[in-house]
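Structure data (mmCIF, C-alpha atoms) from coords-v6.cif:
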data_final
loop_
_atom_site.group_PDB
_atom_site.id
_atom_site.type_symbol
_atom_site.label_atom_id
_atom_site.label_comp_id
_atom_site.auth_asym_id
_atom_site.auth_seq_id
_atom_site.Cartn_x
_atom_site.Cartn_y
_atom_site.Cartn_z
ATOM 1 C CA MET T 491 111.972 2.736 -25.536
ATOM 2 C CA SER T 492 109.813 1.581 -22.639
ATOM 3 C CA GLU T 493 112.573 -0.394 -20.927
ATOM 4 C CA PRO T 494 114.718 2.606 -19.870
ATOM 5 C CA HIS T 495 111.639 4.345 -18.481
ATOM 6 C CA ALA T 496 110.923 1.637 -15.918
ATOM 7 C CA ALA T 497 112.105 1.860 -12.342
ATOM 8 C CA MET T 498 115.722 0.717 -12.196
ATOM 9 C CA PRO T 499 116.291 -2.256 -9.839
ATOM 10 C CA GLN T 500 118.386 -1.904 -6.729
ATOM 11 C CA GLY T 501 121.983 -2.994 -7.139
ATOM 12 C CA PRO T 502 123.662 -5.748 -5.076
ATOM 13 C CA GLU T 503 125.481 -3.208 -2.912
ATOM 14 C CA ASP T 504 122.229 -1.539 -1.922
ATOM 15 C CA ARG T 505 120.535 -4.819 -1.129
ATOM 16 C CA GLY T 506 123.448 -5.768 1.088
ATOM 17 C CA SER T 507 123.316 -2.495 2.974
ATOM 18 C CA ARG T 508 119.635 -2.973 3.621
ATOM 19 C CA VAL T 509 120.195 -6.422 5.036
ATOM 20 C CA SER T 510 123.358 -5.964 7.048
ATOM 21 C CA GLY T 511 123.764 -2.224 7.669
ATOM 22 C CA HIS T 512 120.171 -1.317 8.412
ATOM 23 C CA PRO T 513 118.311 -3.988 10.375
ATOM 24 C CA HIS T 514 114.641 -3.463 9.645
ATOM 25 C CA SER T 515 113.166 -5.672 12.356
ATOM 26 C CA LEU T 516 113.263 -5.807 16.091
ATOM 27 C CA SER T 517 115.665 -8.187 17.793
ATOM 28 C CA GLY T 518 113.054 -10.849 18.450
ATOM 29 C CA SER T 519 113.104 -13.129 21.450
ATOM 30 C CA SER T 520 115.689 -11.101 23.395
ATOM 31 C CA ASP T 521 113.569 -7.942 23.303
ATOM 32 C CA GLN T 522 110.428 -9.904 24.147
ATOM 33 C CA ARG T 523 112.139 -11.389 27.206
ATOM 34 C CA LEU T 524 113.358 -7.979 28.431
ATOM 35 C CA LEU T 525 109.945 -6.428 27.929
ATOM 36 C CA GLY T 526 108.365 -9.416 29.684
ATOM 37 C CA ILE T 527 110.527 -8.787 32.765
ATOM 38 C CA GLY T 528 109.451 -5.157 32.840
ATOM 39 C CA LEU T 529 105.804 -6.126 32.340
ATOM 40 C CA PHE T 530 105.908 -8.623 35.230
ATOM 41 C CA LEU T 531 107.395 -6.034 37.610
ATOM 42 C CA ILE T 532 104.968 -3.299 36.597
ATOM 43 C CA VAL T 533 101.816 -5.427 36.775
ATOM 44 C CA GLY T 534 102.776 -6.909 40.148
ATOM 45 C CA PHE T 535 103.365 -3.523 41.710
ATOM 46 C CA MET T 536 100.319 -1.964 40.019
ATOM 47 C CA VAL T 537 97.976 -4.490 41.652
ATOM 48 C CA ALA T 538 99.498 -3.786 45.070
ATOM 49 C CA GLU T 539 99.291 -0.021 44.510
ATOM 50 C CA ILE T 540 95.613 -0.148 43.556
ATOM 51 C CA ALA T 541 94.826 -2.110 46.718
ATOM 52 C CA VAL T 542 96.707 0.339 48.946
ATOM 53 C CA GLY T 543 95.281 3.368 47.125
ATOM 54 C CA LEU T 544 91.713 2.186 47.650
ATOM 55 C CA ALA T 545 92.396 1.354 51.285
ATOM 56 C CA THR T 546 94.021 4.722 52.040
ATOM 57 C CA HIS T 547 91.790 6.856 49.776
ATOM 58 C CA SER T 548 94.899 8.228 48.023
ATOM 59 C CA LEU T 549 94.159 9.675 44.599
ATOM 60 C CA THR T 550 97.882 10.038 43.945
ATOM 61 C CA LEU T 551 98.424 6.311 44.419
ATOM 62 C CA LEU T 552 95.478 5.551 42.150
ATOM 63 C CA ALA T 553 96.828 8.058 39.614
ATOM 64 C CA ASP T 554 100.191 6.311 39.732
ATOM 65 C CA ALA T 555 98.443 2.966 39.294
ATOM 66 C CA GLY T 556 96.515 4.335 36.317
ATOM 67 C CA HIS T 557 99.741 5.481 34.739
ATOM 68 C CA MET T 558 101.340 2.107 35.454
ATOM 69 C CA LEU T 559 98.381 0.492 33.698
ATOM 70 C CA THR T 560 99.371 2.413 30.574
ATOM 71 C CA ASP T 561 102.973 1.289 31.150
ATOM 72 C CA ALA T 562 101.792 -2.311 31.271
ATOM 73 C CA GLY T 563 99.767 -1.711 28.121
ATOM 74 C CA ALA T 564 102.767 -0.137 26.401
ATOM 75 C CA LEU T 565 104.966 -3.101 27.269
ATOM 76 C CA ALA T 566 102.317 -5.648 26.257
ATOM 77 C CA LEU T 567 101.722 -3.861 22.956
ATOM 78 C CA SER T 568 105.465 -3.700 22.358
ATOM 79 C CA ILE T 569 105.710 -7.470 22.774
ATOM 80 C CA TRP T 570 102.742 -7.936 20.442
ATOM 81 C CA ALA T 571 104.286 -5.560 17.889
ATOM 82 C CA ILE T 572 107.594 -7.448 17.951
ATOM 83 C CA ARG T 573 105.808 -10.723 17.232
ATOM 84 C CA LEU T 574 103.888 -9.149 14.355
ATOM 85 C CA ALA T 575 107.015 -7.462 12.967
ATOM 86 C CA LEU T 576 108.780 -10.818 12.803
ATOM 87 C CA ARG T 577 106.152 -12.233 10.466
ATOM 88 C CA PRO T 578 107.385 -12.609 6.878
ATOM 89 C CA THR T 579 106.277 -10.357 4.037
ATOM 90 C CA SER T 580 103.721 -11.518 1.504
ATOM 91 C CA ALA T 581 102.204 -10.424 -1.791
ATOM 92 C CA SER T 582 99.500 -8.547 0.143
ATOM 93 C CA TRP T 583 101.684 -7.255 2.987
ATOM 94 C CA THR T 584 104.814 -6.174 1.145
ATOM 95 C CA PHE T 585 106.405 -4.656 4.253
ATOM 96 C CA GLY T 586 105.046 -7.350 6.539
ATOM 97 C CA PHE T 587 103.577 -6.018 9.802
ATOM 98 C CA LYS T 588 106.455 -3.706 10.696
ATOM 99 C CA ARG T 589 104.128 -0.759 11.252
ATOM 100 C CA ALA T 590 102.357 -2.576 14.110
ATOM 101 C CA GLU T 591 104.696 -0.861 16.585
ATOM 102 C CA ILE T 592 103.556 2.531 15.301
ATOM 103 C CA LEU T 593 99.900 1.625 15.777
ATOM 104 C CA SER T 594 100.572 0.429 19.324
ATOM 105 C CA ALA T 595 102.532 3.614 20.103
ATOM 106 C CA ALA T 596 99.562 5.684 18.908
ATOM 107 C CA ALA T 597 97.212 3.561 21.033
ATOM 108 C CA ASN T 598 99.437 4.103 24.079
ATOM 109 C CA GLY T 599 99.420 7.849 23.504
ATOM 110 C CA ALA T 600 95.633 7.943 23.192
ATOM 111 C CA THR T 601 95.205 5.836 26.345
ATOM 112 C CA LEU T 602 97.485 8.159 28.297
ATOM 113 C CA LEU T 603 95.404 11.119 27.154
ATOM 114 C CA VAL T 604 92.109 9.581 28.299
ATOM 115 C CA ILE T 605 93.460 8.494 31.695
ATOM 116 C CA SER T 606 95.032 11.904 32.331
ATOM 117 C CA ILE T 607 91.690 13.621 31.709
ATOM 118 C CA VAL T 608 89.940 11.290 34.170
ATOM 119 C CA ILE T 609 92.587 11.833 36.847
ATOM 120 C CA ALA T 610 92.654 15.612 36.321
ATOM 121 C CA THR T 611 88.873 15.816 36.761
ATOM 122 C CA GLU T 612 88.992 13.914 40.041
ATOM 123 C CA ALA T 613 92.031 15.897 41.248
ATOM 124 C CA VAL T 614 90.239 19.215 40.740
ATOM 125 C CA ASN T 615 87.238 17.842 42.634
ATOM 126 C CA ARG T 616 89.485 16.833 45.547
ATOM 127 C CA LEU T 617 91.174 20.230 45.561
ATOM 128 C CA ILE T 618 87.741 21.702 46.203
ATOM 129 C CA HIS T 619 86.650 18.944 48.584
ATOM 130 C CA PRO T 620 89.768 17.421 50.239
ATOM 131 C CA GLN T 621 89.544 13.753 51.266
ATOM 132 C CA PRO T 622 91.300 12.098 54.245
ATOM 133 C CA VAL T 623 94.533 10.380 53.153
ATOM 134 C CA ILE T 624 96.977 8.137 55.032
ATOM 135 C CA GLY T 625 100.325 9.778 54.332
ATOM 136 C CA THR T 626 102.479 6.982 55.782
ATOM 137 C CA ALA T 627 101.088 4.433 53.337
ATOM 138 C CA MET T 628 101.739 6.836 50.469
ATOM 139 C CA ILE T 629 105.392 7.194 51.496
ATOM 140 C CA ILE T 630 105.956 3.437 51.764
ATOM 141 C CA VAL T 631 104.287 2.629 48.434
ATOM 142 C CA ALA T 632 106.091 5.451 46.629
ATOM 143 C CA ALA T 633 109.479 4.313 47.945
ATOM 144 C CA VAL T 634 108.829 0.730 46.805
ATOM 145 C CA GLY T 635 107.537 2.066 43.495
ATOM 146 C CA VAL T 636 110.797 3.897 42.825
ATOM 147 C CA VAL T 637 112.760 0.666 43.310
ATOM 148 C CA VAL T 638 110.405 -1.396 41.113
ATOM 149 C CA ASN T 639 110.338 1.266 38.430
ATOM 150 C CA ILE T 640 114.127 1.520 38.290
ATOM 151 C CA ALA T 641 114.391 -2.267 37.895
ATOM 152 C CA ALA T 642 111.833 -2.265 35.068
ATOM 153 C CA THR T 643 113.546 0.684 33.356
ATOM 154 C CA VAL T 644 116.944 -1.035 33.467
ATOM 155 C CA ALA T 645 115.451 -4.167 31.881
ATOM 156 C CA VAL T 646 113.569 -2.360 29.115
ATOM 157 C CA SER T 647 116.465 0.012 28.341
ATOM 158 C CA ARG T 648 118.480 -3.000 27.160
ATOM 159 C CA ALA T 649 115.949 -3.652 24.372
ATOM 160 C CA ASN T 650 116.120 -2.160 20.865
ATOM 161 C CA GLN T 651 115.555 1.565 21.411
ATOM 162 C CA ALA T 652 115.292 2.185 17.665
ATOM 163 C CA SER T 653 111.665 1.101 18.118
ATOM 164 C CA LEU T 654 109.239 3.959 18.756
ATOM 165 C CA ASN T 655 107.162 1.586 20.853
ATOM 166 C CA ILE T 656 110.045 0.705 23.164
ATOM 167 C CA THR T 657 111.060 4.354 23.367
ATOM 168 C CA GLY T 658 107.452 5.119 24.337
ATOM 169 C CA ALA T 659 107.496 2.410 26.999
ATOM 170 C CA LEU T 660 110.695 3.882 28.437
ATOM 171 C CA GLY T 661 109.055 7.301 28.427
ATOM 172 C CA HIS T 662 106.208 5.863 30.488
ATOM 173 C CA LEU T 663 108.643 4.349 32.980
ATOM 174 C CA MET T 664 110.688 7.540 33.341
ATOM 175 C CA THR T 665 107.499 9.524 33.882
ATOM 176 C CA ASP T 666 106.604 7.083 36.659
ATOM 177 C CA LEU T 667 109.831 7.945 38.469
ATOM 178 C CA TRP T 668 108.738 11.575 38.630
ATOM 179 C CA ALA T 669 105.248 10.514 39.604
ATOM 180 C CA PHE T 670 106.510 8.424 42.505
ATOM 181 C CA ALA T 671 108.726 11.320 43.589
ATOM 182 C CA GLY T 672 105.613 13.515 43.662
ATOM 183 C CA THR T 673 103.750 10.898 45.656
ATOM 184 C CA LEU T 674 106.603 10.687 48.137
ATOM 185 C CA VAL T 675 106.652 14.467 48.622
ATOM 186 C CA ALA T 676 102.858 14.568 49.013
ATOM 187 C CA GLY T 677 102.989 11.824 51.637
ATOM 188 C CA VAL T 678 105.675 13.626 53.623
ATOM 189 C CA LEU T 679 103.686 16.891 53.531
ATOM 190 C CA ILE T 680 100.526 15.163 54.701
ATOM 191 C CA VAL T 681 102.332 13.435 57.590
ATOM 192 C CA ALA T 682 104.255 16.571 58.613
ATOM 193 C CA THR T 683 101.603 19.264 58.137
ATOM 194 C CA GLY T 684 98.260 17.545 57.566
ATOM 195 C CA PHE T 685 97.940 19.409 54.210
ATOM 196 C CA ARG T 686 95.510 17.040 52.467
ATOM 197 C CA ARG T 687 95.473 18.997 49.215
ATOM 198 C CA ALA T 688 99.072 17.856 48.630
ATOM 199 C CA ASP T 689 97.597 14.604 47.260
ATOM 200 C CA PRO T 690 95.517 16.101 44.396
ATOM 201 C CA ILE T 691 98.270 18.645 43.648
ATOM 202 C CA ALA T 692 100.737 15.793 43.201
ATOM 203 C CA SER T 693 98.130 14.065 41.019
ATOM 204 C CA LEU T 694 98.006 17.099 38.735
ATOM 205 C CA VAL T 695 101.783 16.957 38.404
ATOM 206 C CA VAL T 696 101.432 13.319 37.328
ATOM 207 C CA VAL T 697 98.781 14.374 34.813
ATOM 208 C CA ALA T 698 101.116 16.988 33.313
ATOM 209 C CA LEU T 699 103.817 14.365 32.862
ATOM 210 C CA MET T 700 101.333 11.941 31.315
ATOM 211 C CA LEU T 701 100.143 14.594 28.857
ATOM 212 C CA ARG T 702 103.712 15.336 27.800
ATOM 213 C CA THR T 703 104.398 11.649 27.119
ATOM 214 C CA SER T 704 101.054 11.296 25.342
ATOM 215 C CA TRP T 705 101.786 14.266 23.080
ATOM 216 C CA THR T 706 105.218 12.880 22.153
ATOM 217 C CA LEU T 707 103.825 9.453 21.264
ATOM 218 C CA LEU T 708 100.884 10.833 19.290
ATOM 219 C CA LYS T 709 103.062 13.366 17.451
ATOM 220 C CA ASP T 710 105.774 10.875 16.471
ATOM 221 C CA SER T 711 103.387 8.069 15.524
ATOM 222 C CA GLY T 712 101.126 10.542 13.704
ATOM 223 C CA ARG T 713 104.025 11.750 11.541
ATOM 224 C CA ILE T 714 104.746 8.179 10.483
ATOM 225 C CA LEU T 715 101.112 7.209 9.891
ATOM 226 C CA LEU T 716 100.563 10.379 7.832
ATOM 227 C CA GLU T 717 103.703 9.623 5.789
ATOM 228 C CA ALA T 718 105.667 12.743 6.788
ATOM 229 C CA ALA T 719 109.327 12.922 5.797
ATOM 230 C CA PRO T 720 111.729 11.346 8.303
ATOM 231 C CA ALA T 721 112.838 13.704 11.065
ATOM 232 C CA GLY T 722 116.089 15.407 10.155
ATOM 233 C CA ILE T 723 115.690 14.830 6.393
ATOM 234 C CA ASP T 724 115.485 18.019 4.317
ATOM 235 C CA LEU T 725 114.173 17.039 0.877
ATOM 236 C CA GLU T 726 115.528 20.239 -0.675
ATOM 237 C CA GLU T 727 118.989 19.272 0.543
ATOM 238 C CA VAL T 728 118.470 15.767 -0.870
ATOM 239 C CA ARG T 729 117.422 17.301 -4.195
ATOM 240 C CA GLU T 730 120.566 19.485 -4.267
ATOM 241 C CA HIS T 731 122.777 16.441 -3.673
ATOM 242 C CA PHE T 732 121.066 14.536 -6.474
ATOM 243 C CA MET T 733 121.352 17.464 -8.867
ATOM 244 C CA SER T 734 125.113 17.606 -8.234
ATOM 245 C CA VAL T 735 125.524 14.126 -9.776
ATOM 246 C CA ASP T 736 126.867 14.270 -13.331
ATOM 247 C CA HIS T 737 124.276 13.831 -16.115
ATOM 248 C CA VAL T 738 121.298 14.444 -13.777
ATOM 249 C CA ARG T 739 119.033 17.100 -15.309
ATOM 250 C CA ASP T 740 116.006 17.180 -13.033
ATOM 251 C CA ILE T 741 114.357 15.538 -10.000
ATOM 252 C CA HIS T 742 110.613 15.189 -9.545
ATOM 253 C CA ASP T 743 108.141 12.995 -7.645
ATOM 254 C CA LEU T 744 110.580 13.066 -4.719
ATOM 255 C CA HIS T 745 109.030 11.387 -1.674
ATOM 256 C CA ALA T 746 110.454 10.328 1.686
ATOM 257 C CA TRP T 747 108.544 8.569 4.454
ATOM 258 C CA VAL T 748 108.978 6.155 7.355
ATOM 259 C CA VAL T 749 107.578 2.631 7.200
ATOM 260 C CA THR T 750 108.453 1.989 10.838
ATOM 261 C CA SER T 751 110.909 3.431 13.367
ATOM 262 C CA ASP T 752 114.072 1.963 11.828
ATOM 263 C CA LEU T 753 112.963 1.870 8.175
ATOM 264 C CA PRO T 754 112.960 5.246 6.385
ATOM 265 C CA ALA T 755 112.383 5.094 2.634
ATOM 266 C CA LEU T 756 112.704 7.367 -0.389
ATOM 267 C CA SER T 757 111.601 7.329 -4.021
ATOM 268 C CA ALA T 758 112.241 9.726 -6.890
ATOM 269 C CA HIS T 759 112.017 10.165 -10.648
ATOM 270 C CA VAL T 760 115.435 11.212 -11.955
ATOM 271 C CA VAL T 761 115.796 12.815 -15.393
ATOM 272 C CA ILE T 762 119.207 12.107 -16.949
ATOM 273 C CA ASP T 763 120.893 12.756 -20.281
ATOM 274 C CA ASP T 764 119.381 10.669 -23.084
ATOM 275 C CA ALA T 765 122.820 9.392 -24.076
ATOM 276 C CA CYS T 766 123.171 7.603 -20.705
ATOM 277 C CA PHE T 767 120.639 5.009 -21.818
ATOM 278 C CA SER T 768 122.491 4.177 -25.036
ATOM 279 C CA ASP T 769 126.059 4.185 -23.702
ATOM 280 C CA GLY T 770 125.284 2.052 -20.648
ATOM 281 C CA HIS T 771 126.053 4.816 -18.154
ATOM 282 C CA ALA T 772 122.633 4.736 -16.397
ATOM 283 C CA PRO T 773 123.529 2.016 -13.852
ATOM 284 C CA GLN T 774 126.530 4.062 -12.716
ATOM 285 C CA ILE T 775 124.283 7.069 -12.051
ATOM 286 C CA LEU T 776 121.971 4.825 -10.053
ATOM 287 C CA ASP T 777 124.925 3.660 -7.940
ATOM 288 C CA GLN T 778 125.954 7.294 -7.317
ATOM 289 C CA LEU T 779 122.451 8.263 -6.198
ATOM 290 C CA GLN T 780 122.296 5.338 -3.794
ATOM 291 C CA ARG T 781 125.726 6.091 -2.355
ATOM 292 C CA CYS T 782 124.653 9.700 -1.870
ATOM 293 C CA LEU T 783 121.637 8.590 0.178
ATOM 294 C CA THR T 784 123.470 6.085 2.355
ATOM 295 C CA GLY T 785 126.512 8.320 2.829
ATOM 296 C CA HIS T 786 124.863 11.684 3.513
ATOM 297 C CA PHE T 787 121.387 10.829 4.763
ATOM 298 C CA ASP T 788 121.554 7.238 6.099
ATOM 299 C CA LEU T 789 118.687 6.214 3.820
ATOM 300 C CA ALA T 790 119.327 2.761 2.391
ATOM 301 C CA HIS T 791 115.817 1.805 1.235
ATOM 302 C CA SER T 792 115.351 3.710 -2.017
ATOM 303 C CA THR T 793 113.585 3.379 -5.365
ATOM 304 C CA PHE T 794 114.630 5.467 -8.371
ATOM 305 C CA GLN T 795 113.065 5.762 -11.793
ATOM 306 C CA LEU T 796 115.586 6.964 -14.357
ATOM 307 C CA GLU T 797 114.014 8.859 -17.248
ATOM 308 C CA PRO T 798 115.094 10.598 -20.487
ATOM 309 C CA GLU T 799 114.103 14.236 -20.733
ATOM 310 C CA GLU T 800 111.164 13.676 -23.136
ATOM 311 C CA HIS T 801 109.518 11.200 -20.759
ATOM 312 C CA ALA T 802 107.921 14.014 -18.704
ATOM 313 C CA GLY T 803 105.374 14.533 -21.466
ATOM 314 C CA HIS T 804 104.066 11.004 -20.937
ATOM 315 C CA GLU T 805 103.317 11.509 -17.235
ATOM 316 C CA GLY T 806 99.859 12.760 -16.309
ATOM 317 C CA SER T 807 101.028 14.634 -13.222
ATOM 318 C CA THR T 808 103.889 14.919 -10.755
ATOM 319 C CA HIS T 809 103.637 14.896 -6.994
#
For this file, produce the structure as structure tokens.
Amino acid sequence: MSEPHAAMPQGPEDRGSRVSGHPHSLSGSSDQRLLGIGLFLIVGFMVAEIAVGLATHSLTLLADAGHMLTDAGALALSIWAIRLALRPTSASWTFGFKRAEILSAAANGATLLVISIVIATEAVNRLIHPQPVIGTAMIIVAAVGVVVNIAATVAVSRANQASLNITGALGHLMTDLWAFAGTLVAGVLIVATGFRRADPIASLVVVALMLRTSWTLLKDSGRILLEAAPAGIDLEEVREHFMSVDHVRDIHDLHAWVVTSDLPALSAHVVIDDACFSDGHAPQILDQLQRCLTGHFDLAHSTFQLEPEEHAGHEGSTH
């Protein structure tokens, strides 16, 4: 009697869908090359911006450079995550290192948060005690920054955007566009009116954008690390679909989570009619459950345990 109680293996159709229909790894060398181009552009401009910011005493330029440092970190961590994700699975690491991109996304979000606090503190200080700033230099650097940032964004946008890490890197780059626009406006105001507080005000705008990106990265990576259900998946709706399958009597221990950005997973204990185990109908029910997941919820990685009704008494607890 123990054999029917065990988790039923995935069928050939499901294994095929997981391999061909749902790629569970990043696209390797191509993505690394695209991210490398973006990283080269960002780092090169960041060094120049720091030098000009220090020379002109512009907090906005230094704020932009600080944000670009997080962009460089995001891109570098994305490359590192891709290399880890390509490593094969093992007996100890059954999913390989696919969650490395989630860890790097969380690290990027935390770094953005720390840098934004530092910049906000200095910006408030300069609002109270304005510092002399060379507006012309700000305008030139901001204009060049827009061009460099657009080039980096175009390169990175061609990578696999199913990755939370790459999406985070793009979020950094798009935020930079707004930051450079703020820098440009601040520079024009300083040149035209001599209003030195335009620099720290623009810095605070940059901080607000950084905090928004940080919150998004921390929220999305936190949901995955804490094993929340995939966004857009209603487990009650999943349960209703399962219960509509013939011979299914109950669903319990229903769990859904995300291993990494492009790998949602689901497991469930499914109680079916006892006769299904003796007449050979159980595999057909398993196929129906899997088709339901892939057809209605785009969830191909699933594990089901088919049980007779009396098996519930042998389980210590349900989750």
Shell around Phe732 of chain T at 9 Å using only C-alpha atoms, local window under 6 positions removed, as a PyMOL selection string
chain T and resi 738+740-741+760+778-779+782-783
For Lys709 of chain T, which residue out of T:Leu667, T:Ala553, T:Ala633, T:Ala600 is the nearest one, using all atoms listed in the file?
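Closest candidate: T:Ala600.
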List the residues matched by the PyMOL selection byres ((chain T and resi 717) around 10) in the displayed structure as an MDAnalysis selection string, ordered by chain and then by residue number.
chainID T and resid 711:716 718:720 745:749
When the PyMOL selection byres ((chain T and resi 525) around 8) is applied to the file above, which residues end up in the set, as a count of residues only?
15
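Distances to Trp705 of chain T were evaluated for T:Ile532, T:Ala595, T:Ala564, T:Ile630 using only C-alpha atoms, and the minimum falls at T:Ala595.
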Between atom CA of Ala765 of chain T and atom CA of Asp736 of chain T, measure the distance and give it in Å to one decimal.
12.5 Å
